[in-house]
Each structure stands twice: as C-alpha cells, then as structure tokens.
Amino acid sequence: MKALTFKRYGKAPEIGFADVSRPALKSDEMLVQVHAAGLNPIDNMIPTGTFKPVLRFQLPATLGSDLAGVVTEVGSRVTRFKPGDAVFASIFDLGTGSIAEFAVVPESVAALKPTNLDFVQAASIPMVGLTSWQALKERVNLLSGQKVFIPAGSGGIGTFAIQLAKHLGAKVGTTTSKGNVELVRSLGADEVVDYKKEEFEKVLRGYDAVLGTVRGDAIEKSIGILKPGSMIVSIIGPLDAAFAHARRLNFILAFVFRLMSRKIMRLARKRKVAYSFLFVRPDGNQLAEIGQLLKAGHIQPVIDKVFPFEQAKDALAYLAQGRSRGKVVVKVR
C-alpha cells in the first residue's frame, strides 16, 4: 500500500511516499481503509526528532495521527466494530501512522463516525477533540460560569476548544488577528484580543483556567490573568516531571523535564496556581462522547483546507506555516 513516510530524524527526514506492506492485525485491532487523515502540528515535529525520547517509531515510519475510514477486517477479539463500519480515531503515540491507504486501529481508540459528518470532517476531529476534552474536562474540570483563556482561537485546537468550553457553560477569552475575530466570535468567544494591537495579559483578568497552545512566553504571561487556585494546562510545554513519571521514563529524563518546567512552576506557585503538561492519549470512549456532541450539532468541524492524497507532503508544509483557520485534512479516497 502507499503511505507517506519519513526515513530518519533530523533536518533531512526524507519525507515522501513509499510502498509499504499492509500491516498485520493483532487480536484487538482493526484494519481500516483510510478515507481521510487530519493533520496536527506534532505530525511536523515528529520527524525532527523533538519527541524521539518519548515516541517510539520503527523507521521508516508512516506519518499522521488522525483518520476516518471504513473497517475492512477485524481481529478475533474485536466486538464493538465489524467490517463496513465507518469509524474515526486518533492513533497518536501508537507507533504507526494514518497518512496511508490502510491503517491498523486498536478497537479501544476508535469510535463510530458521526452520521452527519463526511470522512473529511470526521478526520479533522480526533486529536483536537481529545486534547480539548482531556484538558478542559479531566484536568481543569471546567464548570459552568467559569472563565477559560484559549489563545490562538482560530487554529485547530482553538476552534474546537472554544466550542467545547461554551458547551460546558464557560466564558471564553482568546487571541487572534483582526481577520479572524468574526470566526472566533461565531464559535462562542466572549473576550477577543487582537494580538497584533494589544497584549492579552494587559486586557484580561479573573480567569479560572488557561489552555496553553502558543509557544514562547505566552504561558508565563498568562499567569497574570489567573485567579489564585486556578490552573494552566499546556499542550506545548514545558514538559514536567509528572509527565516523565506517567510515561515511566528514566530518572535522567525526569530530571531534565523538572529543570525545563522549573521557571513556570516557580511563577505559578507565586500566583497560587497549578501548572501541568498534557500529552493527549487516544481514547475511543471519549471520542464516542465527542461524536455525540458533533451529531447533535453542539460542535461544528472547522476546516481550513483539504489536500488530495498525492499532495500530503504539501499539506504538512502548509500546516507548518501556522496560518490555518481550523484544520488541514488530507483526502485519501
């Protein structure tokens, strides 16, 4: 089968299409014919080697984390799905990829595709949906009436997280450029800061939570907008010792991550707020709940651009520019 692969880590990963063997199934896995693959920033980061100590791949490796497609074969212990079922899933952190004609998907990470979404729309959801869910519902336990700051509101994570936060009854603050103000307001954002004209930390106050999605010093600046007792959940780092322990990484990495997060931890303690790094995990049950929200129309997919399979490498390059409004998706079939 054809797949988009990278051959090595570093500045020249040799990303391109290759003919690879169709993967064999374990008893709890399904073979899915991929119709569409949603792209995420980490898909561009993995070949650079940034997450090499954490994510395990056998090179050459297939790129991509999110998919929507049709089950063609199931393992002997699979009970929730059958051939012909339309599913969507994130296979992030499972050592395999989704930008391919077929993908192996463990039963535990898949959910039935919402019937009101096409495959492209469904493929845009898994990682941003699960990240938002695990940050806002699990870590923060966001409650109705609370205020959450979700910067970069027009991006892939932002467009989903704003909608989820509003569904949970929260008030949402965000940043974006002037051209995207109308978009983020249509998604439910209550306070919108044009980052080219204003500094959000000088405008926003009294927030209960921050979802860290922007690199640089935005995480540190966001501490100033929080109430005591509130929480920062970051998906872009710095990594912390709790993450190392959860992954059962060696003591050297735990020490390194503790050093990396020392400054933000110190600043957070001064403000009496909590900080944690979130590494999203695939979860079929959560994705099924997200699917119900999508089916009911409480959350709408936001897609910037769709690329044909043959242009998957171009799609990654486009995503890397960091200007997309919503998600970038590769249509495989």
# chains A, B, ... in the order shown; residues from 1 in each chain; ligands from 1
$ residues_around --residues "Leu294 of chain A" --least-positions-apart "2" --cutoff "12 Å" --atoms "only C-alpha atoms" --output "ChimeraX atom specification"
/A:112-118,121-122,124-126,129,160,163-164,167,287-292,296-302
$ residues_around --residues "segment 306-323 of chain A" --least-positions-apart "2" --cutoff "12 Å" --atoms "only C-alpha atoms" --output "ChimeraX atom specification"
/A:2-6,14-18,34-47,62-64,98-101,119-121,123-124,152-156,176-177,179-180,214-215,302-304,325-333
$ closest_residue --among "A:Ala209, A:Val181, A:Leu31, A:Ala218" --to "Leu143 of chain A" --atoms "only C-alpha atoms"
A:Ala209
$ atom_distance --atom1 "atom CA of Ser76 of chain A" --atom2 "atom CA of Val105 of chain A"
13.8 Å
$ closest_residue --among "A:Val74, A:Val172, A:Leu249, A:Val148" --to "Lys26 of chain A" --atoms "only C-alpha atoms"
A:Val74
$ residues_around --residues "Ala110 of chain A" --least-positions-apart "2" --cutoff "6 Å" --atoms "only C-alpha atoms" --output "VMD selection string"
chain A and resid 88 to 89 107 to 108 284
$ select_by_dssp --residues "segment 90-217 of chain A" --states "strand (DSSP E)" --output "mmCIF file with C-alpha atoms, in the first residue's frame"
data_model
loop_
_atom_site.group_PDB
_atom_site.id
_atom_site.type_symbol
_atom_site.label_atom_id
_atom_site.label_comp_id
_atom_site.auth_asym_id
_atom_site.auth_seq_id
_atom_site.Cartn_x
_atom_site.Cartn_y
_atom_site.Cartn_z
ATOM 1 C CA SER A 90 -6.539 9.003 16.752
ATOM 2 C CA PHE A 102 -4.792 1.496 5.219
ATOM 3 C CA ALA A 103 -4.097 1.810 8.948
ATOM 4 C CA VAL A 104 -4.191 -0.508 11.932
ATOM 5 C CA VAL A 105 -6.501 0.841 14.631
ATOM 6 C CA PRO A 106 -6.893 -0.745 18.076
ATOM 7 C CA ALA A 110 -11.919 4.035 17.679
ATOM 8 C CA ALA A 111 -15.480 5.341 17.603
ATOM 9 C CA LEU A 112 -18.254 5.228 15.045
ATOM 10 C CA LYS A 147 -13.657 31.681 32.590
ATOM 11 C CA VAL A 148 -11.063 29.935 30.407
ATOM 12 C CA PHE A 149 -8.406 31.518 28.225
ATOM 13 C CA LYS A 171 -16.922 32.057 29.312
ATOM 14 C CA VAL A 172 -14.037 32.099 26.837
ATOM 15 C CA GLY A 173 -11.263 34.556 26.144
ATOM 16 C CA THR A 174 -8.986 34.172 23.140
ATOM 17 C CA THR A 175 -6.450 35.875 20.908
ATOM 18 C CA THR A 176 -6.468 36.122 17.146
ATOM 19 C CA GLU A 191 -13.483 38.254 25.011
ATOM 20 C CA VAL A 192 -11.324 38.549 21.882
ATOM 21 C CA VAL A 193 -7.918 40.223 21.877
ATOM 22 C CA ASP A 194 -6.268 41.216 18.605
ATOM 23 C CA TYR A 207 -9.676 33.717 34.678
ATOM 24 C CA ASP A 208 -10.057 30.244 36.165
ATOM 25 C CA ALA A 209 -8.041 28.278 33.606
ATOM 26 C CA VAL A 210 -5.651 28.595 30.682
ATOM 27 C CA LEU A 211 -5.184 26.104 27.845
ATOM 28 C CA GLY A 212 -1.605 26.666 26.708
#
$ residues_around --residues "segment 252-260 of chain A" --least-positions-apart "5" --cutoff "9 Å" --atoms "only C-alpha atoms" --output "PDB file with C-alpha atoms, in the first residue's frame"
ATOM      1  CA  PRO A  53      12.933  10.200  23.607  1.00  0.00           C
ATOM      2  CA  GLY A 237       5.371  22.522  27.145  1.00  0.00           C
ATOM      3  CA  PRO A 238       7.463  22.859  29.065  1.00  0.00           C
ATOM      4  CA  LEU A 239       7.325  19.163  29.877  1.00  0.00           C
ATOM      5  CA  ASP A 240       7.260  18.396  33.601  1.00  0.00           C
ATOM      6  CA  ALA A 241       8.399  15.625  35.936  1.00  0.00           C
ATOM      7  CA  ALA A 242       4.830  14.351  36.346  1.00  0.00           C
ATOM      8  CA  PHE A 243       4.756  13.614  32.624  1.00  0.00           C
ATOM      9  CA  ALA A 244       8.048  11.706  32.865  1.00  0.00           C
ATOM     10  CA  HIS A 245       6.730   9.617  35.753  1.00  0.00           C
TER      11      HIS A 245
END
$ select_by_dssp --residues "segment 56-222 of chain A" --states "alpha helix (DSSP H)" --output "VMD selection string"
chain A and resid 119 to 123 126 to 133 156 to 167 181 to 187 200 to 203 218 to 222
$ atom_distance --atom1 "atom CA of Lys221 of chain A" --atom2 "atom CA of Lys263 of chain A"
12.2 Å
$ atom_distance --atom1 "atom CA of Phe81 of chain A" --atom2 "atom CA of Leu67 of chain A"
15.9 Å
$ closest_residue --among "A:Val203, A:Leu25, A:Ala189, A:Leu142" --to "Ile162 of chain A" --atoms "only C-alpha atoms"
A:Ala189
